[in-house]
Amino acid sequence: MATALAGDDLARSLSSPRSFASNSHRSWVAAASFREAWNAPSGVFNRSEREDDEEELRWAAIERLPTYDRLRKGVVRQVLDNGKVVHGEIDVTNLGMQDKKQLMESILKVVEEDNEKFLRRLRDRTDRVGIEVPKIEVRYEHLSVEGDVHVGSRALPSLINFFMNAIESVLGFVHLIPHNKRKIQILNDVSGVVRPSRMTLLLGPPASGKTTLMLALAGKLGDDLRTSGKVTYCGHELTEFVPQRTCAYISQHDLHYGEMTVRETLDFSGRCLGVGTRYELLAELSRREKEAGIKPDPEIDAFMKATAVAGQETSLVTDYVLKILGLDICADTMVGDDMRRGISGGQKKRVTTGEMLVGPAKVLLMDEISTGLDSSTTFQICKFMKQMVHVMDVTIAISLLQPAPETYNLFDDIILLSEGQVVYQGPRENVLEFFEYMGFKCPDRKGVADFLQEVTSKKDQEQYWFKKNQPYRYVSVSDFGQGFSSFHKGQQISSELRVPYDKSKAHPAALVTEKYGISNWELFKACFAREWLLMKRSGFVFIFKIVQITIMSIIAFTVFLRTEMKAGTAEGGQKFYGALFFSLINVMFNGFAELPMTLMRLPVFFKQRDHMFYPAWAFGLPIWLLRIPLSFVESAIWIVMTYYTIGFAPSASRFFRQFIAFFGVHQMALSLFRFIAALGRVEVIANTLGTFTLLLVFVLGGFIVAKDDIQPWMIWGYYISPMMYGQNAIVMNEFLDKRWDTPYPVLSINATTGEMLLKARGFFTEDYLFWVCVGALFGFSILFNILFIAALTFLNPMGDSKSTVVEENGDKKKKKRASGQHGTEGIDMAVKSSSEIVGAAERAPKKGMVLPFQQLSLTFNHVNYYVDMPAVSSSSLYI
């Protein structure tokens, strides 16, 4: 009976009116099922047949759906606790954590073994219907990069040097004085090709220009560098598309929000970067499969559909990247920072890599991804990258400093840089042949990567010379470059670069022309959700601010006792002035905490802004909106705690007017300090600007110095001081109350006590100007928030410490002049760090007094380090 049923199924599949491809595929499946069921028990066969029929019915129902709905439905196989297998229809846009876990477990049970099989299954599905995968070839031709560096001690980060550099920059910008910098060549006329489907390793000693080349290929070079030559993607120059989204540059620096978990970090990155052309590819793939009558692999179909939906808060791509990078064990752990415990340094480095892998970029430039990783982890990551390159035709270039031999052997092509020049570029198999052609041979037990970085060094080169019949002479980097141009691989690359890339061969979906991966509304929702999450994780700061303003309000109403505050008199008016000014200062200072909090967010913001995660307004607008309720609460606490206890005007309207005034002051202060943080960008500058702004605002606020006492040429400062409008609003609200309508003691003055108190310090006396002042406060809040967003849009982060050149002493210069070398051509252009400069200074001839120094010895003995391991249960010992 079982045999007859299997034969009937096979006959039906062969006689189906579908295409030949479908018939052959189903014939193979039916034949395989027949062979497996031949010796199987009849019950097992019947159960398998019922499962197949159930799956067929599910697929038939999905195929009848419209395209939009069909691309959001999938069929997954689930194994129940009793061993029964059921097929369930799922909505891929609403997958729960358990659903994602089961799907990933079915796809990648053992990552090291199953990842390549999984990628093959993905690629086979597209190849089966003839869909071409986009490929990108990156070329750089005659690329040169140079910059300006300070000489000697002028590069040290001292206060004097900072101001001198700033003054020189301003004067040099208007061409009044020449800058005291020296030109340094970072890259010198380099040319080459980074090919798709081939994994490229970028090697070179420190300061050889690897990072600069990576940044140049990614279109991220700084404005302070001068560049010549061109970089093209499939023949298109960087101005013809958006390189920041076509290419993903993975930096050496690990910049992440410590309050977010690893999964949340990758989910946010994937949400902002979008899905690229995955949805269009899936739609075309589904259409062709439907026409050909091909039923896809259910697991692969569900995975592709789940990863093709844009704007999701969580994505299946995140789970996949977590698994291949080995981050699934710490997926729900905080990333951590200097003040918060989190994941390890190696895990943080992998988060930096995964943050860009979740995006749809087809070109990956990975700069020193092995920092902080052991050789085994580096090997595994590079192995997964190789599988992605060879199966999915991705273009990848990875920069490593000292890769292990096993990791080195994973790569297909090698680019060797030294002193800003390309020494070799081509297949890994020919690199030793080239150096033997130049007269150098790698020892048998020597790692090839170490040999390549040492053979160009003047100190280490001689040991590899193997032409014993010829005397050794130092072969410079320029000589290696000339030798490579005559080598057969160098000639092959040169001839390839001479033929322009045929743009018509480029895939239409290869290059990205849209600036951002999702719509503006989706970007705003993503940033709003993240800001809300960060606020909840940093709740202690906001609770502390609320406690602080509560304590200060208690101090205020105990200092300014209601029984001592006499209303309607000039003497009492001075006390009310003090109480109002003290209240204004506290509300304004409560907003100062926004400055350090914004400074902490800026490094991650600049990184994500430059990678086109989101625009500046999408970052700044949620901060502004989410601070409004907190500002409302803090202002309300102050008013409720102090208004009636101090004894301000006992009127409900006056109470709410003062609340509105303080709310406007608090909003203005928050936006002001946010803008100062974005303008300063680093802690020292921002704190200096913040303190200076506070002093200026207080002095010109109208209380410390009255309006009539300000010099005429400084009166403009009075009207642009936002504190002045807050001070006017709160004093007018108090002194224009009817209880201050008592006649002024001086008979010759026809005015009330309240009006005279206001006129004495130059404040406004018309009641309608209260609303003008409140409107001005909210107007300043809007203005400062707009300036905050503008600063985030147009300003770049403060530059890192630049390389420096050691200046020669006078004797050496005289010797060079005597030998006929003039100008800077005879000066050694060695690039050194600040520590090397200090070391050189210590070895220089001593001048003046030498301070006494006492040498100390550090000893240690019987040092033990213990790590507590979790207890092992007795049952697990027998597993």
# chains A, B, ... in the order shown; residues from 1 in each chain; ligands from 1
>>> closest_atom_pairs(of="stretch 492-517 of chain A", to="stretch 349-365 of chain A", cutoff="9 Å", atoms="only C-alpha atoms", output="CSV")
residue,atom,partner,partner_atom,distance
A:Ala510,CA,A:Lys362,CA,7.5
A:Leu511,CA,A:Lys362,CA,8.6
A:Val512,CA,A:Ala361,CA,8.8
>>> write_last_selection(atoms="C-alpha atoms", output="CSV table (one decimal), in the first residue's frame")
chain,number,residue,atom,x,y,z
A,510,ALA,CA,24.7,47.5,-7.2
A,511,LEU,CA,25.1,51.2,-6.3
A,512,VAL,CA,22.9,53.0,-3.9
>>> closest_atom_pairs(of="stretch 616-727 of chain A", to="stretch 563-566 of chain A", cutoff="9 Å", atoms="only C-alpha atoms", output="CSV")
residue,atom,partner,partner_atom,distance
A:Ile646,CA,A:Met565,CA,7.5
A:Gly647,CA,A:Met565,CA,6.9
A:Phe648,CA,A:Met565,CA,8.9
>>> write_last_selection(atoms="N, CA and C atoms", output="JSON list (two decimals), in the first residue's frame")
[["chain", "number", "residue", "atom", "x", "y", "z"],
["A", 646, "ILE", "N", 6.66, 80.27, 50.26],
["A", 646, "ILE", "CA", 7.43, 81.53, 50.34],
["A", 646, "ILE", "C", 6.47, 82.71, 50.51],
["A", 647, "GLY", "N", 5.32, 82.60, 49.88],
["A", 647, "GLY", "CA", 4.33, 83.67, 50.06],
["A", 647, "GLY", "C", 4.21, 84.56, 48.86],
["A", 648, "PHE", "N", 4.29, 84.00, 47.65],
["A", 648, "PHE", "CA", 4.06, 84.81, 46.45],
["A", 648, "PHE", "C", 2.57, 85.14, 46.34]]
>>> closest_residue(among="A:Leu584, A:Leu203, A:Val604, A:Ile549", to="A:Gln453", atoms="only C-alpha atoms")
A:Leu203
>>> closest_residue(among="A:Arg340, A:Arg139, A:Lys503, A:Arg226", to="A:Val193", atoms="only C-alpha atoms")
A:Arg139
>>> select_by_dssp(residues="stretch 69-225 of chain A", states="strand (DSSP E or B)", output="VMD selection string")
chain A and resid 73 to 79 85 to 91 138 to 151 181 to 194 199 to 203
>>> closest_atom_pairs(of="stretch 99-185 of chain A", to="stretch 246-250 of chain A", cutoff="12 Å", atoms="only C-alpha atoms", output="tab-separated table")
residue	atom	partner	partner_atom	distance
A:Pro134	CA	A:Thr246	CA	11.4
A:Lys135	CA	A:Thr246	CA	11.2
A:Ile136	CA	A:Thr246	CA	9.3
A:Glu137	CA	A:Cys247	CA	11.4
A:Val138	CA	A:Cys247	CA	10.2
>>> write_last_selection(atoms="C-alpha atoms", output="PDB file, in the first residue's frame")
ATOM      1  CA  PRO A 134      24.792  42.545  -7.830  1.00  0.00           C
ATOM      2  CA  LYS A 135      28.593  42.702  -7.869  1.00  0.00           C
ATOM      3  CA  ILE A 136      30.825  45.714  -7.272  1.00  0.00           C
ATOM      4  CA  GLU A 137      34.415  46.172  -8.402  1.00  0.00           C
ATOM      5  CA  VAL A 138      36.352  48.943  -6.669  1.00  0.00           C
TER       6      VAL A 138
END
>>> residues_around(residues="A:Ala60", least_positions_apart="4", cutoff="12 Å", atoms="only C-alpha atoms", output="ChimeraX atom specification")
/A:53-56,64-65,70,73-75,89,290,293-295
>>> closest_residue(among="A:Phe632, A:Phe592, A:Phe735, A:Phe581", to="A:Leu694", atoms="only C-alpha atoms")
A:Phe592
>>> atom_distance(atom1="atom CA of A:Leu221", atom2="atom CA of A:Asn188")
15.3 Å
>>> residues_around(residues="A:Ala652", least_positions_apart="4", cutoff="12 Å", atoms="only C-alpha atoms", output="list of chain:residue names")
A:Val640, A:Tyr643, A:Tyr644, A:Phe648, A:Phe656, A:Arg657, A:Gln658, A:Phe659, A:Asn733, A:Asp737
>>> write_last_selection(atoms="N, CA and C atoms", output="tab-separated table (two decimals), in the first residue's frame")
chain	number	residue	atom	x	y	z
A	640	VAL	N	5.18	74.07	43.04
A	640	VAL	CA	4.32	73.53	44.09
A	640	VAL	C	4.99	73.63	45.45
A	643	TYR	N	5.86	78.12	45.92
A	643	TYR	CA	5.04	79.29	45.63
A	643	TYR	C	4.29	79.77	46.87
A	644	TYR	N	3.50	78.92	47.49
A	644	TYR	CA	2.70	79.37	48.63
A	644	TYR	C	3.49	79.34	49.93
A	648	PHE	N	4.29	84.00	47.65
A	648	PHE	CA	4.06	84.81	46.45
A	648	PHE	C	2.57	85.14	46.34
A	656	PHE	N	-0.27	79.92	38.10
A	656	PHE	CA	-0.05	79.24	36.81
A	656	PHE	C	0.80	80.09	35.87
A	657	ARG	N	0.72	81.41	35.98
A	657	ARG	CA	1.58	82.24	35.14
A	657	ARG	C	3.04	82.07	35.53
A	658	GLN	N	3.31	82.02	36.82
A	658	GLN	CA	4.70	81.78	37.23
A	658	GLN	C	5.18	80.39	36.80
A	659	PHE	N	4.27	79.42	36.86
A	659	PHE	CA	4.64	78.08	36.40
A	659	PHE	C	5.00	78.09	34.91
A	733	ASN	N	4.99	89.21	37.13
A	733	ASN	CA	3.89	88.41	37.64
A	733	ASN	C	3.66	88.66	39.13
A	737	ASP	N	0.74	92.38	40.97
A	737	ASP	CA	-0.44	91.88	41.66
A	737	ASP	C	-1.05	93.02	42.49
>>> residues_around(residues="A:Glu433", least_positions_apart="3", cutoff="12 Å", atoms="only C-alpha atoms", output="PyMOL selection string")
chain A and resi 424+426-430+436-442+448+484+487-489
>>> closest_residue(among="A:Leu225, A:Leu621, A:Ala404, A:Met97", to="A:Asp148", atoms="only C-alpha atoms")
A:Leu225
>>> decode(residues="stretch 439-459 of chain A", atoms="N, CA, C and O atoms", output="mmCIF file, in the first residue's frame")
data_model
loop_
_atom_site.group_PDB
_atom_site.id
_atom_site.type_symbol
_atom_site.label_atom_id
_atom_site.label_comp_id
_atom_site.auth_asym_id
_atom_site.auth_seq_id
_atom_site.Cartn_x
_atom_site.Cartn_y
_atom_site.Cartn_z
ATOM 1 N N GLY A 439 64.749 39.071 -5.063
ATOM 2 C CA GLY A 439 65.941 38.608 -4.367
ATOM 3 C C GLY A 439 65.749 38.253 -2.907
ATOM 4 O O GLY A 439 66.738 38.074 -2.186
ATOM 5 N N PHE A 440 64.496 38.108 -2.455
ATOM 6 C CA PHE A 440 64.227 37.812 -1.047
ATOM 7 C C PHE A 440 63.355 36.564 -0.954
ATOM 8 O O PHE A 440 62.428 36.382 -1.751
ATOM 9 N N LYS A 441 63.659 35.732 0.015
ATOM 10 C CA LYS A 441 62.949 34.471 0.163
ATOM 11 C C LYS A 441 62.483 34.313 1.604
ATOM 12 O O LYS A 441 63.218 34.604 2.546
ATOM 13 N N CYS A 442 61.251 33.824 1.727
ATOM 14 C CA CYS A 442 60.676 33.598 3.055
ATOM 15 C C CYS A 442 61.174 32.269 3.590
ATOM 16 O O CYS A 442 61.062 31.237 2.902
ATOM 17 N N PRO A 443 61.731 32.219 4.807
ATOM 18 C CA PRO A 443 62.161 30.938 5.389
ATOM 19 C C PRO A 443 60.993 29.973 5.537
ATOM 20 O O PRO A 443 59.827 30.368 5.605
ATOM 21 N N ASP A 444 61.319 28.713 5.603
ATOM 22 C CA ASP A 444 60.291 27.672 5.624
ATOM 23 C C ASP A 444 59.395 27.784 6.849
ATOM 24 O O ASP A 444 58.195 27.569 6.769
ATOM 25 N N ARG A 445 59.953 28.071 7.991
ATOM 26 C CA ARG A 445 59.179 28.093 9.229
ATOM 27 C C ARG A 445 58.760 29.512 9.626
ATOM 28 O O ARG A 445 58.440 29.772 10.778
ATOM 29 N N LYS A 446 58.769 30.403 8.667
ATOM 30 C CA LYS A 446 58.408 31.793 8.912
ATOM 31 C C LYS A 446 57.002 32.049 8.384
ATOM 32 O O LYS A 446 56.642 31.623 7.283
ATOM 33 N N GLY A 447 56.192 32.739 9.171
ATOM 34 C CA GLY A 447 54.865 33.123 8.702
ATOM 35 C C GLY A 447 54.970 34.103 7.547
ATOM 36 O O GLY A 447 55.747 35.071 7.600
ATOM 37 N N VAL A 448 54.194 33.863 6.507
ATOM 38 C CA VAL A 448 54.288 34.707 5.313
ATOM 39 C C VAL A 448 53.870 36.140 5.631
ATOM 40 O O VAL A 448 54.490 37.095 5.145
ATOM 41 N N ALA A 449 52.841 36.318 6.449
ATOM 42 C CA ALA A 449 52.388 37.677 6.773
ATOM 43 C C ALA A 449 53.477 38.451 7.508
ATOM 44 O O ALA A 449 53.708 39.638 7.222
ATOM 45 N N ASP A 450 54.165 37.805 8.451
ATOM 46 C CA ASP A 450 55.255 38.480 9.150
ATOM 47 C C ASP A 450 56.399 38.792 8.196
ATOM 48 O O ASP A 450 57.024 39.860 8.275
ATOM 49 N N PHE A 451 56.690 37.878 7.299
ATOM 50 C CA PHE A 451 57.748 38.107 6.311
ATOM 51 C C PHE A 451 57.435 39.311 5.433
ATOM 52 O O PHE A 451 58.309 40.150 5.154
ATOM 53 N N LEU A 452 56.182 39.430 4.996
ATOM 54 C CA LEU A 452 55.806 40.530 4.104
ATOM 55 C C LEU A 452 55.947 41.882 4.781
ATOM 56 O O LEU A 452 56.277 42.880 4.122
ATOM 57 N N GLN A 453 55.718 41.955 6.078
ATOM 58 C CA GLN A 453 55.809 43.233 6.767
ATOM 59 C C GLN A 453 57.247 43.555 7.176
ATOM 60 O O GLN A 453 57.554 44.709 7.461
ATOM 61 N N GLU A 454 58.102 42.561 7.230
ATOM 62 C CA GLU A 454 59.487 42.803 7.624
ATOM 63 C C GLU A 454 60.413 42.994 6.436
ATOM 64 O O GLU A 454 61.462 43.621 6.567
ATOM 65 N N VAL A 455 60.049 42.474 5.283
ATOM 66 C CA VAL A 455 60.965 42.482 4.158
ATOM 67 C C VAL A 455 61.168 43.889 3.599
ATOM 68 O O VAL A 455 62.170 44.163 2.933
ATOM 69 N N THR A 456 60.223 44.791 3.852
ATOM 70 C CA THR A 456 60.395 46.169 3.396
ATOM 71 C C THR A 456 61.086 47.044 4.431
ATOM 72 O O THR A 456 61.367 48.215 4.158
ATOM 73 N N SER A 457 61.371 46.495 5.611
ATOM 74 C CA SER A 457 62.002 47.260 6.679
ATOM 75 C C SER A 457 63.520 47.284 6.471
ATOM 76 O O SER A 457 64.135 46.258 6.170
ATOM 77 N N LYS A 458 64.098 48.422 6.652
ATOM 78 C CA LYS A 458 65.541 48.549 6.475
ATOM 79 C C LYS A 458 66.302 47.746 7.519
ATOM 80 O O LYS A 458 67.397 47.231 7.269
ATOM 81 N N LYS A 459 65.711 47.579 8.700
ATOM 82 C CA LYS A 459 66.378 46.869 9.778
ATOM 83 C C LYS A 459 66.324 45.358 9.589
ATOM 84 O O LYS A 459 67.284 44.643 9.905
#
